[in-house]
Amino acid sequence: MGSGRKGRDLDRSVNQRERPVATIVEYSRQKKTINAYPARIISPPVPGDCCSSLAIRVGEVQDERGWPFVYQRCAACGFTVRRFAPPEEVLEARRIWRNGASAIRTPDAA
């Protein structure tokens with residue numbers, strides 16, 4: 001019979017996961033596509049046939065709740081999405097970084 005604190009903490013973490021993620025992308029059929037990164041990007045709401053081959057990275061790698069992502073925008077139609085790195089890729093990069101950091105040795109004092 002605890003204080004109930006764990007329940008409140010769990011409720012808070014669930015609410016954080018369900019909260020909409022902030023984004024600079026606005027999807028619109030009526031507005032002209034705009035790349036005003038980092039302030040905002042106006043994108044068509046659906047990708048075109050051109051998007052898979054003409055997507056380019058916009059801006060730097062950013063972080064959302066511990067997961068790195070980049071904005072990718074089609075050079076032809078302007079369709080924009082956030083591309084998150086797959087969890088396996090992120091975990092592997094972190095593992096390599098940890099192993100590399102632990103392998104750094106300082107020279108012995110003579």
# chains A, B, ... in the order shown; residues from 1 in each chain; ligands from 1

call {"tool": "residues_around", "arguments": {"residues": "segment 26-40 of chain A", "least_positions_apart": "6", "cutoff": "8 Å", "atoms": "only C-alpha atoms", "output": "list in words"}}
result
Val58, Gly59, Cys77 and Gly78 of chain A

call {"tool": "write_last_selection", "arguments": {"atoms": "N, CA, C and O atoms", "output": "mmCIF file, in the first residue's frame"}}
result
data_model
loop_
_atom_site.group_PDB
_atom_site.id
_atom_site.type_symbol
_atom_site.label_atom_id
_atom_site.label_comp_id
_atom_site.auth_asym_id
_atom_site.auth_seq_id
_atom_site.Cartn_x
_atom_site.Cartn_y
_atom_site.Cartn_z
ATOM 1 N N VAL A 58 16.359 18.596 -45.182
ATOM 2 C CA VAL A 58 16.228 20.017 -44.875
ATOM 3 C C VAL A 58 16.707 20.226 -43.442
ATOM 4 O O VAL A 58 16.171 19.626 -42.511
ATOM 5 N N GLY A 59 17.720 21.039 -43.255
ATOM 6 C CA GLY A 59 18.190 21.356 -41.909
ATOM 7 C C GLY A 59 19.068 20.290 -41.295
ATOM 8 O O GLY A 59 19.507 19.346 -41.959
ATOM 9 N N CYS A 77 7.704 18.619 -55.579
ATOM 10 C CA CYS A 77 6.361 19.035 -55.162
ATOM 11 C C CYS A 77 6.312 19.686 -53.785
ATOM 12 O O CYS A 77 5.312 20.298 -53.423
ATOM 13 N N GLY A 78 7.371 19.527 -52.983
ATOM 14 C CA GLY A 78 7.414 20.159 -51.668
ATOM 15 C C GLY A 78 6.859 19.326 -50.537
ATOM 16 O O GLY A 78 6.841 19.766 -49.386
#

call {"tool": "select_by_dssp", "arguments": {"residues": "segment 40-87 of chain A", "states": "helix (DSSP H, G or I)", "output": "number ranges by chain"}}
result
A: 51-54, 87

call {"tool": "write_last_selection", "arguments": {"atoms": "N, CA, C and O atoms", "output": "CSV table (one decimal), in the first residue's frame"}}
result
chain,number,residue,atom,x,y,z
A,51,CYS,N,8.2,11.9,-55.0
A,51,CYS,CA,8.8,12.1,-53.7
A,51,CYS,C,9.9,11.1,-53.3
A,51,CYS,O,10.9,11.4,-52.6
A,52,SER,N,9.7,9.8,-53.7
A,52,SER,CA,10.7,8.8,-53.3
A,52,SER,C,12.1,9.0,-53.9
A,52,SER,O,13.1,8.7,-53.3
A,53,SER,N,12.1,9.6,-55.1
A,53,SER,CA,13.4,9.8,-55.7
A,53,SER,C,14.0,11.2,-55.6
A,53,SER,O,15.2,11.4,-55.8
A,54,LEU,N,13.2,12.1,-55.2
A,54,LEU,CA,13.6,13.5,-55.1
A,54,LEU,C,13.6,14.1,-53.7
A,54,LEU,O,13.8,15.3,-53.6
A,87,PRO,N,14.8,2.5,-34.7
A,87,PRO,CA,15.3,2.3,-33.4
A,87,PRO,C,16.6,1.4,-33.4
A,87,PRO,O,17.5,1.7,-32.7

call {"tool": "select_by_dssp", "arguments": {"residues": "segment 42-89 of chain A", "states": "strand (DSSP E or B)", "output": "list in words"}}
result
Ile42, Ser43, Ala55, Ile56, Arg57, Val58, Gly59, Glu60, Val61, Gln62, Asp63, Glu64, Trp67, Pro68, Phe69, Val70, Tyr71, Gln72, Arg73, Cys74, Thr80, Val81, Arg82, Arg83 and Phe84 of chain A

call {"tool": "write_last_selection", "arguments": {"atoms": "C-alpha atoms", "output": "PDB file, in the first residue's frame"}}
result
ATOM      1  CA  ILE A  42       4.086  24.318 -45.839  1.00  0.00           C
ATOM      2  CA  SER A  43       3.631  20.977 -47.547  1.00  0.00           C
ATOM      3  CA  ALA A  55      13.506  13.787 -51.325  1.00  0.00           C
ATOM      4  CA  ILE A  56      16.282  15.948 -49.873  1.00  0.00           C
ATOM      5  CA  ARG A  57      17.224  16.640 -46.293  1.00  0.00           C
ATOM      6  CA  VAL A  58      16.228  20.017 -44.875  1.00  0.00           C
ATOM      7  CA  GLY A  59      18.190  21.356 -41.909  1.00  0.00           C
ATOM      8  CA  GLU A  60      20.169  19.575 -39.258  1.00  0.00           C
ATOM      9  CA  VAL A  61      19.492  16.403 -37.294  1.00  0.00           C
ATOM     10  CA  GLN A  62      17.087  17.144 -34.452  1.00  0.00           C
ATOM     11  CA  ASP A  63      15.865  15.154 -31.486  1.00  0.00           C
ATOM     12  CA  GLU A  64      12.335  14.242 -30.415  1.00  0.00           C
ATOM     13  CA  TRP A  67      15.011   9.815 -31.208  1.00  0.00           C
ATOM     14  CA  PRO A  68      16.927  11.697 -33.903  1.00  0.00           C
ATOM     15  CA  PHE A  69      15.089  12.859 -37.005  1.00  0.00           C
ATOM     16  CA  VAL A  70      15.488  15.052 -40.066  1.00  0.00           C
ATOM     17  CA  TYR A  71      12.947  16.782 -42.256  1.00  0.00           C
ATOM     18  CA  GLN A  72      12.859  15.388 -45.787  1.00  0.00           C
ATOM     19  CA  ARG A  73      11.273  17.478 -48.509  1.00  0.00           C
ATOM     20  CA  CYS A  74      10.573  16.598 -52.130  1.00  0.00           C
ATOM     21  CA  THR A  80       7.684  17.151 -46.371  1.00  0.00           C
ATOM     22  CA  VAL A  81       7.912  14.538 -43.622  1.00  0.00           C
ATOM     23  CA  ARG A  82      10.024  13.958 -40.571  1.00  0.00           C
ATOM     24  CA  ARG A  83      12.187  10.890 -40.989  1.00  0.00           C
ATOM     25  CA  PHE A  84      13.052   9.277 -37.678  1.00  0.00           C
TER      26      PHE A  84
END

call {"tool": "atom_distance", "arguments": {"atom1": "atom CA of Ala76 of chain A", "atom2": "atom CA of Asp49 of chain A"}}
result
10.0 Å

call {"tool": "atom_distance", "arguments": {"atom1": "atom CA of Pro45 of chain A", "atom2": "atom CA of Val90 of chain A"}}
result
28.1 Å

call {"tool": "atom_distance", "arguments": {"atom1": "atom CA of Pro44 of chain A", "atom2": "atom CA of Phe79 of chain A"}}
result
5.3 Å
